4 protein chains.
Amino acid sequence: MAGNIFGQIFRVSTFGESHGGAIGCVIDGVPPNIILSEKDIQYDLDRRKPGQSAVTTSRQEEDQVEILSGVLEGRTTGTSLAMIIRNKDQQSQDYAAIKDIFRPGHADYTYFQKFGIRDYRGGGRSSGRETAARVAAGAVAKKILAPEGVRVLAYTLAVGDVRAESINYDVIEQNIMRAPDLRQAQVMIAKVNEVKAKGDSIGGLVEGVVLGCPVGLGDPVFDKLEARLAYAMLSIGAVKGIEFGMGFAAAGMMGSEHNDTPVIEDAYLKTKNNLAGGIIGGISTGEGIRFRIAVKPTSSIACPQTAAAYDFSLQSIQIQGRHDPCLCPRIIPVVEAMTALVLVDAFLIQKTIR
Amino acid sequence: MAGNIFGQIFRVSTFGESHGGAIGCVIDGVPPNIILSEKDIQYDLDRRKPGQSAVTTSRQEEDQVEILSGVLEGRTTGTSLAMIIRNKDQQSQDYAAIKDIFRPGHADYTYFQKFGIRDYRGGGRSSGRETAARVAAGAVAKKILAPEGVRVLAYTLAVGDVRAESINYDVIEQNIMRAPDLRQAQVMIAKVNEVKAKGDSIGGLVEGVVLGCPVGLGDPVFDKLEARLAYAMLSIGAVKGIEFGMGFAAAGMMGSEHNDTPVIEDAYLKTKNNLAGGIIGGISTGEGIRFRIAVKPTSSIACPQTAAAYDFSLQSIQIQGRHDPCLCPRIIPVVEAMTALVLVDAFLIQKTIR
Amino acid sequence: MAGNIFGQIFRVSTFGESHGGAIGCVIDGVPPNIILSEKDIQYDLDRRKPGQSAVTTSRQEEDQVEILSGVLEGRTTGTSLAMIIRNKDQQSQDYAAIKDIFRPGHADYTYFQKFGIRDYRGGGRSSGRETAARVAAGAVAKKILAPEGVRVLAYTLAVGDVRAESINYDVIEQNIMRAPDLRQAQVMIAKVNEVKAKGDSIGGLVEGVVLGCPVGLGDPVFDKLEARLAYAMLSIGAVKGIEFGMGFAAAGMMGSEHNDTPVIEDAYLKTKNNLAGGIIGGISTGEGIRFRIAVKPTSSIACPQTAAAYDFSLQSIQIQGRHDPCLCPRIIPVVEAMTALVLVDAFLIQKTIR
Amino acid sequence: MAGNIFGQIFRVSTFGESHGGAIGCVIDGVPPNIILSEKDIQYDLDRRKPGQSAVTTSRQEEDQVEILSGVLEGRTTGTSLAMIIRNKDQQSQDYAAIKDIFRPGHADYTYFQKFGIRDYRGGGRSSGRETAARVAAGAVAKKILAPEGVRVLAYTLAVGDVRAESINYDVIEQNIMRAPDLRQAQVMIAKVNEVKAKGDSIGGLVEGVVLGCPVGLGDPVFDKLEARLAYAMLSIGAVKGIEFGMGFAAAGMMGSEHNDTPVIEDAYLKTKNNLAGGIIGGISTGEGIRFRIAVKPTSSIACPQTAAAYDFSLQSIQIQGRHDPCLCPRIIPVVEAMTALVLVDAFLIQKTIR
């Protein structure tokens, strides 16, 4: 009851701080007989790991996963699946400078007030490092969804005011911004480099998509598919908003515009424009699910700032460090992972219904 | 595991369809010795009920609450608190016309595919009527929060492209739009009446605010306060997006702009501009919590539309009925209720921590 | 988080005190398209209701159930199913005599200490009356299990030192003790009448049986089928112990005796003597599940007793009232209901596994 | 939803098979600022570990715990606490002989039917080895209870028909049976050695006690303290029954005998004989909590037995191996751990109530 468990049937407990012995997760509710190896997990972990490109942090971390239980001879056994990723860099001395400071934009102060104790080593549990455990769990979820024809993906839609002008899923992994538009990706990269040179950071938009989702997933009332996805996305540290389908634009529309015209396709009822984003009444329509999230600029910046100390004296600080000038590229595997966790749950719950 | 229960410590189970015997809820986890009467509940129910003003549906429903358990001589006993609201209008004949039609924008088709059965009487469980039970539960939550100095409120920020230009909490209940700006409220009302005359509907924005929230509520990782609030808001039928603090605008900002300057106020650490919306790292900062939600235009409209029948034949339909031309005024007590449920939970969980 | 919700997939929230407006329950997770009517529920409620025979309390209560939601034209819709049973007798004056007394053997003192408030009207929430809501929920569970060939039953195995000498399921409902042995039932009845004449009460043993349970239900580690059943049974007010298969007798056995010899039956692996009671490693074996519970004598007795008052002064009291001289006959439908709730959950969870 | 998570506020997820890389657990909901080190955990692990005495298995395992997260400089941080214990002996070849056999009394067949796959290496997840993770979690729970004055203990009450004749808590750790009676402990040891010499095993009784439990813990209806304890105890592999206070003997008593006489002690209301075992109405009375569990004889024996193979052919087998001739001594730290988990939960829940 302290926020570290996600899921209803497929329940993921995560643990680990930026500078403890290891981070990882335990998954309760993995169906048996799923073919799974560490390589399946490692692929997504590598997409999330620091130091992978010029637009991400230059910190080098290996993030090697080890499966501790729940897999026998390449297949899941149906029992709990534990994975750990050792922290290579456990020295706390790097953080001496910020030990007595509440960094602006960080959770230093709120954690301290909540718990009466603060893990000053790189943010402790509030560090973005915890998302590696989510990515590991999400990779398992993807392995369950794949044979059902469900594919989850995400991409950088915009960086600052530079926006993708076309959507081509095939090029996402071909550029370091993970944008769906190779040409605009270059403009985004230029923008990020410009910001990075100043020691600053910049926000962006990420779009999430679920392809091949069958009709009927999601539950009435509180566990609407949008509700579960919003829960999942807003649980990612830097996310400040989410919208589905027409999203905030729907606030400016009329019912006669927003109600979509029905279309019959392969014996399924679909709509002409999928304005609802693939979910109606909280339940998947069988069309593509589509949402966008707002990613704030990284709080860790190297510009001079005013900060409060433990004794509440204000002082000017300048934090040196290797931060992500834009979080979007590395947040994408996290968005995919959380989406996959929500979908697997909805899929398994639906098995109890029909 | 079918979506009808909300909450972790303060757990609300709701039930009821638009045309069954009654709707209502059971709350498990109400602290004892809270002073509570049906009048406390009725106040918010009356703010949600149909037929209350010219800009809401003209359906007349009384929505009289009855407390069935959990209260003794005006005080909660700590045992489960059940409330029901009888449905006055249980005749299904009104719905004969739509019985074999999947209405555009409604959950008719997705429910049918999910459950293999569909309650054709006014949408059944997918009807907005279920939100009355949420409002009843939320009224109890508000009674628990009030003595802690926590106040929850919401208001109509925009209708279509008409937006409030000032925020005055005191005028919200003085105009039928529940806008915080009396002058713009008149423009909104004119807009709604224009749309209503055409049998159409229009979307809007609602802003939610929590005043007096202490620092330290919300949990790390998955149960961040934003995540729980997003979950709560997106579980409301017509909501298509949510943003906190600067929200989607943060995507266009730089870290040096979004990191807020610390300010010491009454021995608490606050920020100059509260750009984060009162939550950092998923935990309340002690500043005002502020979020906005996108409300789509009502799907029930009287304009001619194309619909699919059970046999997937397409036909032109025109649904007569008394719908809300704009959902904002009646959704406001629902937004407040869900916010209160999230806050009460966070407040009770924090008691187990410090 | 206050103890009034049972179940994992099939989640039952109950409410109601002995003297409030009504008792009842809401079930979240009822599969759709189950044929169900109030008559199905009423059958078991009548088996639990007071005043049904000479060996139960002479209080007369009708216990008429009303289904408020979740059923359309005789079929469940998959949405939450609410049921209420009105309390006919809401006058609190009967309880004036015990208002300031902590009755021996009752939960008066522990509730008061826990909540800081006490519902003096017949025990409030601690009254056995709450079990009517369980029986209603259990009746729904039975309707789901029946088409799967799973049958749940319970019977009085012993009253004081009078024990059934034969087990014939067919005669259980033919005698007011609900014993499986008509001859010993007469001895039991004589015993109960003797005790009743003195204003006293007597304990007994109830045996629960599940027939037709498929192999594979129950989960590893914490959610073993025995663990869930023990949880369910010990949640019934008067139950003080449970044992499975050989139970406490196993403590005196050797492994070579307790390990059962395998037998192949209809292409299933069974055992010669089912000494384990149908569950091994927490998972059903496909054999009959069998457990026994110890039922304490009713705490409400008319004999003179010493009681403590609110001011902790001790006084001699004699409570007049209509109590059950032996709880066994009326607890049987409750045992069946709770067993059915556990089985339905295990059955629905297994659907997510294979 | 697959049985590997225990608890409501203090939630323990366990993982690990007898022959995987490691076993361990993650605890979500550990209060912050609890002083904790690996030494605290190791003490109880050593009491559970194989090979510790002549009456336990002669397998040698070190069971060295490593805390991976949630502790900073000797204090818990309030974030999730993960612990692992490496399996030293991961060679599966020892189990070649039983690979195609369903061992009598073991969960081999039920797991295979449940999951469609079986971990043949020493029982996999069904192995008693998983209880080491419970003991580790329980040690943390004890550290939280200790400053509240709550002490949890358990001891061997009987082995076969040899029963302790006196109860002295101080001698429990002074004899390898962990009996509370040094003289009878010798008779028990002789009995176990006799059984061991034959390659057989023997059952026993373990009594659990909670001292210093405040009045008011436990919740109404489903989450009665007895229900949660029964759930916890029956989740331990070899346990086949539980009883509280007078337990099964209550079935033979009359209300006038079982209703206990009130006694005032230090301004608390207690009873003369604590016949209810410290819990009334599911809520602790403030007296000692007392329950007994039936422990079956170990299923792993070296005597010749009939077993079924995968093809259901029956064959005589004789399994060599180092088993526990009596499970009682090593189950005691597990009983204590599970009791502590239940108590910590009840204690933290009560903080949300008063």
# chains A, B, ... in the order shown; residues from 1 in each chain; ligands from 1
>>> residues_around(residues="B:Thr339", least_positions_apart="4", cutoff="8 Å", atoms="only C-alpha atoms", output="list in words")
Gly138, Val152, Gly208, Leu229, Ala232, Met233, Val335 and Leu343 of chain B
>>> interface_residues(of="chain B", to="chain C", cutoff="8 Å", atoms="only C-alpha atoms", output="ChimeraX atom specification")
/B:1-5,8-11,13-17,20-23,26,28-29,32-33,67-70,72,77-82,115-119,125
>>> atom_distance(atom1="atom CA of D:Gly282", atom2="atom CA of C:Ser235")
7.5 Å
>>> select_by_dssp(residues="stretch 106-279 of chain D", states="strand (DSSP E or B)", output="ChimeraX atom specification")
/D:151-159,162-163,202,204-211,239-244,254,262-265,268-271,279
>>> residues_around(residues="stretch 310-316 of chain B", least_positions_apart="6", cutoff="8 Å", atoms="only C-alpha atoms", output="JSON, numbers by chain")
{"A": [262, 264, 269], "B": [100, 101, 102, 304]}
>>> residues_around(residues="D:Lys272", least_positions_apart="5", cutoff="8 Å", atoms="only C-alpha atoms", output="MDAnalysis selection string")
chainID D and resid 260:263
>>> residues_around(residues="B:Val187", least_positions_apart="5", cutoff="12 Å", atoms="only C-alpha atoms", output="PyMOL selection string")
chain B and resi 158-165+175-177+179+181-182+192-194
>>> write_last_selection(atoms="N, CA, C and O atoms", output="PDB file, in the first residue's frame")
ATOM      1  N   ALA B 158     -13.852  26.349 -19.568  1.00  0.00           N
ATOM      2  CA  ALA B 158     -14.184  26.745 -20.946  1.00  0.00           C
ATOM      3  C   ALA B 158     -15.321  25.901 -21.483  1.00  0.00           C
ATOM      4  O   ALA B 158     -15.518  24.756 -21.074  1.00  0.00           O
ATOM      5  N   VAL B 159     -16.083  26.506 -22.380  1.00  0.00           N
ATOM      6  CA  VAL B 159     -17.100  25.783 -23.157  1.00  0.00           C
ATOM      7  C   VAL B 159     -16.770  26.086 -24.609  1.00  0.00           C
ATOM      8  O   VAL B 159     -16.755  27.263 -25.008  1.00  0.00           O
ATOM      9  N   GLY B 160     -16.467  25.053 -25.382  1.00  0.00           N
ATOM     10  CA  GLY B 160     -16.004  25.320 -26.746  1.00  0.00           C
ATOM     11  C   GLY B 160     -14.840  26.285 -26.674  1.00  0.00           C
ATOM     12  O   GLY B 160     -13.901  26.069 -25.907  1.00  0.00           O
ATOM     13  N   ASP B 161     -14.924  27.384 -27.416  1.00  0.00           N
ATOM     14  CA  ASP B 161     -13.804  28.336 -27.384  1.00  0.00           C
ATOM     15  C   ASP B 161     -14.036  29.528 -26.438  1.00  0.00           C
ATOM     16  O   ASP B 161     -13.276  30.487 -26.462  1.00  0.00           O
ATOM     17  N   VAL B 162     -15.078  29.421 -25.634  1.00  0.00           N
ATOM     18  CA  VAL B 162     -15.335  30.492 -24.655  1.00  0.00           C
ATOM     19  C   VAL B 162     -14.667  30.138 -23.334  1.00  0.00           C
ATOM     20  O   VAL B 162     -15.013  29.131 -22.705  1.00  0.00           O
ATOM     21  N   ARG B 163     -13.742  30.940 -22.901  1.00  0.00           N
ATOM     22  CA  ARG B 163     -12.937  30.599 -21.730  1.00  0.00           C
ATOM     23  C   ARG B 163     -13.080  31.633 -20.614  1.00  0.00           C
ATOM     24  O   ARG B 163     -13.197  32.827 -20.878  1.00  0.00           O
ATOM     25  N   ALA B 164     -13.081  31.149 -19.371  1.00  0.00           N
ATOM     26  CA  ALA B 164     -13.097  32.076 -18.239  1.00  0.00           C
ATOM     27  C   ALA B 164     -11.859  32.950 -18.305  1.00  0.00           C
ATOM     28  O   ALA B 164     -10.775  32.476 -18.654  1.00  0.00           O
ATOM     29  N   GLU B 165     -12.038  34.225 -17.978  1.00  0.00           N
ATOM     30  CA  GLU B 165     -10.895  35.144 -18.031  1.00  0.00           C
ATOM     31  C   GLU B 165     -10.397  35.529 -16.646  1.00  0.00           C
ATOM     32  O   GLU B 165      -9.359  36.172 -16.501  1.00  0.00           O
ATOM     33  N   ASN B 175     -23.646  30.822 -10.800  1.00  0.00           N
ATOM     34  CA  ASN B 175     -24.090  30.803 -12.206  1.00  0.00           C
ATOM     35  C   ASN B 175     -24.279  29.364 -12.654  1.00  0.00           C
ATOM     36  O   ASN B 175     -23.596  28.451 -12.171  1.00  0.00           O
ATOM     37  N   ILE B 176     -25.209  29.137 -13.543  1.00  0.00           N
ATOM     38  CA  ILE B 176     -25.580  27.765 -13.898  1.00  0.00           C
ATOM     39  C   ILE B 176     -24.498  27.033 -14.694  1.00  0.00           C
ATOM     40  O   ILE B 176     -24.556  25.815 -14.838  1.00  0.00           O
ATOM     41  N   MET B 177     -23.496  27.737 -15.193  1.00  0.00           N
ATOM     42  CA  MET B 177     -22.375  27.065 -15.855  1.00  0.00           C
ATOM     43  C   MET B 177     -21.339  26.572 -14.848  1.00  0.00           C
ATOM     44  O   MET B 177     -20.437  25.844 -15.199  1.00  0.00           O
ATOM     45  N   ALA B 179     -19.050  28.459 -13.705  1.00  0.00           N
ATOM     46  CA  ALA B 179     -17.802  29.079 -14.156  1.00  0.00           C
ATOM     47  C   ALA B 179     -17.295  30.016 -13.073  1.00  0.00           C
ATOM     48  O   ALA B 179     -18.089  30.538 -12.288  1.00  0.00           O
ATOM     49  N   ASP B 181     -16.126  32.908 -13.467  1.00  0.00           N
ATOM     50  CA  ASP B 181     -16.069  34.244 -14.067  1.00  0.00           C
ATOM     51  C   ASP B 181     -17.489  34.565 -14.527  1.00  0.00           C
ATOM     52  O   ASP B 181     -17.977  34.016 -15.522  1.00  0.00           O
ATOM     53  N   LEU B 182     -18.160  35.453 -13.780  1.00  0.00           N
ATOM     54  CA  LEU B 182     -19.593  35.676 -14.033  1.00  0.00           C
ATOM     55  C   LEU B 182     -19.867  36.226 -15.427  1.00  0.00           C
ATOM     56  O   LEU B 182     -20.863  35.885 -16.061  1.00  0.00           O
ATOM     57  N   VAL B 192     -24.078  27.609 -25.186  1.00  0.00           N
ATOM     58  CA  VAL B 192     -24.756  26.330 -24.929  1.00  0.00           C
ATOM     59  C   VAL B 192     -26.183  26.377 -25.480  1.00  0.00           C
ATOM     60  O   VAL B 192     -26.649  25.417 -26.104  1.00  0.00           O
ATOM     61  N   ASN B 193     -26.859  27.512 -25.273  1.00  0.00           N
ATOM     62  CA  ASN B 193     -28.237  27.605 -25.754  1.00  0.00           C
ATOM     63  C   ASN B 193     -28.325  27.536 -27.273  1.00  0.00           C
ATOM     64  O   ASN B 193     -29.243  26.933 -27.830  1.00  0.00           O
ATOM     65  N   GLU B 194     -27.358  28.126 -27.917  1.00  0.00           N
ATOM     66  CA  GLU B 194     -27.287  28.083 -29.391  1.00  0.00           C
ATOM     67  C   GLU B 194     -27.127  26.630 -29.877  1.00  0.00           C
ATOM     68  O   GLU B 194     -27.817  26.170 -30.791  1.00  0.00           O
TER      69      GLU B 194
END
>>> select_by_dssp(residues="stretch 1-231 of chain D", states="helix (DSSP H, G or I)", output="PyMOL selection string")
chain D and resi 38-48+93-98+108-115+124-126+128-148+169-174+182-197+221-223+225-231
>>> atom_distance(atom1="atom CA of C:Gly105", atom2="atom CA of C:Ser299")
5.2 Å
>>> atom_distance(atom1="atom CA of D:Ile85", atom2="atom CA of A:Asp63")
21.0 Å
>>> residues_around(residues="stretch 153-156 of chain D", least_positions_apart="4", cutoff="9 Å", atoms="only C-alpha atoms", output="PDB file with C-alpha atoms, in the first residue's frame")
ATOM      1  CA  ARG D 163       3.294 -33.624  24.116  1.00  0.00           C
ATOM      2  CA  ALA D 164       4.871 -30.828  26.122  1.00  0.00           C
ATOM      3  CA  TYR D 169       9.112 -19.722  26.767  1.00  0.00           C
ATOM      4  CA  ILE D 172      12.399 -22.933  23.534  1.00  0.00           C
ATOM      5  CA  MET D 177      12.944 -29.460  19.051  1.00  0.00           C
ATOM      6  CA  ARG D 178      12.087 -25.893  20.040  1.00  0.00           C
ATOM      7  CA  ALA D 179       9.737 -27.329  22.667  1.00  0.00           C
ATOM      8  CA  PRO D 180       8.736 -25.282  25.725  1.00  0.00           C
ATOM      9  CA  ALA D 185      11.883 -32.308  24.397  1.00  0.00           C
ATOM     10  CA  GLY D 204       3.311 -32.630  15.199  1.00  0.00           C
ATOM     11  CA  LEU D 205       1.615 -29.637  16.747  1.00  0.00           C
ATOM     12  CA  VAL D 206       2.972 -26.118  16.860  1.00  0.00           C
ATOM     13  CA  GLU D 207       1.535 -23.429  19.096  1.00  0.00           C
ATOM     14  CA  GLY D 208       1.727 -19.764  18.162  1.00  0.00           C
ATOM     15  CA  VAL D 209       1.519 -16.978  20.710  1.00  0.00           C
ATOM     16  CA  VAL D 210       1.371 -13.202  20.471  1.00  0.00           C
ATOM     17  CA  LEU D 211       2.274 -11.340  23.644  1.00  0.00           C
ATOM     18  CA  CYS D 328       8.185 -28.702  13.547  1.00  0.00           C
ATOM     19  CA  PRO D 329      11.561 -27.226  14.551  1.00  0.00           C
ATOM     20  CA  ILE D 332       8.600 -22.431  13.892  1.00  0.00           C
ATOM     21  CA  PRO D 333      10.366 -19.376  12.444  1.00  0.00           C
ATOM     22  CA  VAL D 335       4.935 -19.569  11.868  1.00  0.00           C
ATOM     23  CA  GLU D 336       6.406 -16.612  13.707  1.00  0.00           C
ATOM     24  CA  THR D 339       2.084 -14.226  12.461  1.00  0.00           C
TER      25      THR D 339
END
>>> residues_around(residues="A:Leu45", least_positions_apart="5", cutoff="9 Å", atoms="only C-alpha atoms", output="PyMOL selection string")
chain A and resi 63-65+132-133+135-136+139+333
>>> closest_residue(among="A:Lys196, A:Arg183, A:Arg134, A:Lys49", to="A:Leu341", atoms="only C-alpha atoms")
A:Arg134
>>> closest_residue(among="B:Met338, B:Ala107, B:Ser300, B:Thr56", to="B:Tyr231", atoms="only C-alpha atoms")
B:Met338
>>> decode(residues="stretch 292-314 of chain A", atoms="N, CA, C and O atoms", output="short mmCIF file (atom, residue, chain, number, x, y, z; two decimals), in the first residue's frame")
data_model
loop_
_atom_site.label_atom_id
_atom_site.label_comp_id
_atom_site.auth_asym_id
_atom_site.auth_seq_id
_atom_site.Cartn_x
_atom_site.Cartn_y
_atom_site.Cartn_z
N ARG A 292 -1.53 10.64 -26.38
CA ARG A 292 -0.33 11.48 -26.34
C ARG A 292 -0.04 11.90 -24.91
O ARG A 292 -0.97 12.19 -24.16
N ILE A 293 1.23 11.96 -24.56
CA ILE A 293 1.60 12.42 -23.23
C ILE A 293 2.55 13.61 -23.32
O ILE A 293 3.35 13.71 -24.24
N ALA A 294 2.41 14.50 -22.33
CA ALA A 294 3.30 15.66 -22.23
C ALA A 294 4.47 15.31 -21.32
O ALA A 294 4.25 14.90 -20.18
N VAL A 295 5.69 15.46 -21.85
CA VAL A 295 6.89 15.15 -21.08
C VAL A 295 7.57 16.46 -20.71
O VAL A 295 7.91 17.27 -21.58
N LYS A 296 7.74 16.67 -19.43
CA LYS A 296 8.34 17.94 -19.00
C LYS A 296 9.86 17.93 -19.26
O LYS A 296 10.46 16.86 -19.42
N PRO A 297 10.49 19.11 -19.30
CA PRO A 297 11.95 19.14 -19.45
C PRO A 297 12.60 18.56 -18.18
O PRO A 297 12.09 18.77 -17.08
N THR A 298 13.70 17.83 -18.36
CA THR A 298 14.43 17.25 -17.23
C THR A 298 14.69 18.31 -16.15
O THR A 298 15.12 19.42 -16.48
N SER A 299 14.48 17.95 -14.91
CA SER A 299 14.73 18.88 -13.81
C SER A 299 16.22 19.04 -13.55
O SER A 299 16.66 20.08 -13.08
N SER A 300 16.99 17.99 -13.85
CA SER A 300 18.44 18.08 -13.66
C SER A 300 19.05 18.91 -14.77
O SER A 300 19.13 18.45 -15.91
N ILE A 301 19.47 20.11 -14.45
CA ILE A 301 20.10 20.97 -15.44
C ILE A 301 21.38 21.55 -14.83
O ILE A 301 21.55 21.56 -13.61
N ALA A 302 22.24 22.00 -15.70
CA ALA A 302 23.54 22.52 -15.22
C ALA A 302 23.56 24.04 -15.13
O ALA A 302 24.58 24.64 -14.79
N CYS A 303 22.45 24.68 -15.45
CA CYS A 303 22.38 26.15 -15.35
C CYS A 303 22.40 26.56 -13.87
O CYS A 303 21.97 25.80 -13.01
N PRO A 304 22.82 27.78 -13.58
CA PRO A 304 22.75 28.26 -12.20
C PRO A 304 21.29 28.41 -11.76
O PRO A 304 20.45 28.87 -12.55
N GLN A 305 20.99 27.97 -10.54
CA GLN A 305 19.62 28.05 -10.02
C GLN A 305 19.65 28.43 -8.55
O GLN A 305 20.67 28.24 -7.88
N THR A 306 18.53 28.86 -8.03
CA THR A 306 18.40 29.08 -6.59
C THR A 306 17.82 27.80 -5.99
O THR A 306 16.88 27.23 -6.52
N ALA A 307 18.41 27.37 -4.88
CA ALA A 307 17.89 26.19 -4.18
C ALA A 307 17.78 26.48 -2.70
O ALA A 307 18.42 27.40 -2.19
N ALA A 308 16.95 25.67 -2.00
CA ALA A 308 16.84 25.81 -0.56
C ALA A 308 17.67 24.71 0.09
O ALA A 308 17.70 23.58 -0.38
N ALA A 309 18.34 25.03 1.17
CA ALA A 309 19.07 24.03 1.94
C ALA A 309 18.15 23.46 3.02
O ALA A 309 17.01 23.89 3.17
N TYR A 310 18.66 22.47 3.76
CA TYR A 310 17.88 21.85 4.84
C TYR A 310 17.41 22.88 5.85
O TYR A 310 16.35 22.74 6.45
N ASP A 311 18.24 23.90 6.06
CA ASP A 311 17.85 24.91 7.05
C ASP A 311 17.01 26.02 6.38
O ASP A 311 16.75 27.05 6.96
N PHE A 312 16.57 25.75 5.15
CA PHE A 312 15.70 26.67 4.39
C PHE A 312 16.41 27.96 3.98
O PHE A 312 15.76 28.91 3.55
N SER A 313 17.73 28.01 4.12
CA SER A 313 18.44 29.17 3.56
C SER A 313 18.48 28.98 2.05
O SER A 313 18.62 27.86 1.56
N LEU A 314 18.30 30.07 1.34
CA LEU A 314 18.33 29.98 -0.13
C LEU A 314 19.75 30.25 -0.61
O LEU A 314 20.46 31.10 -0.07
#
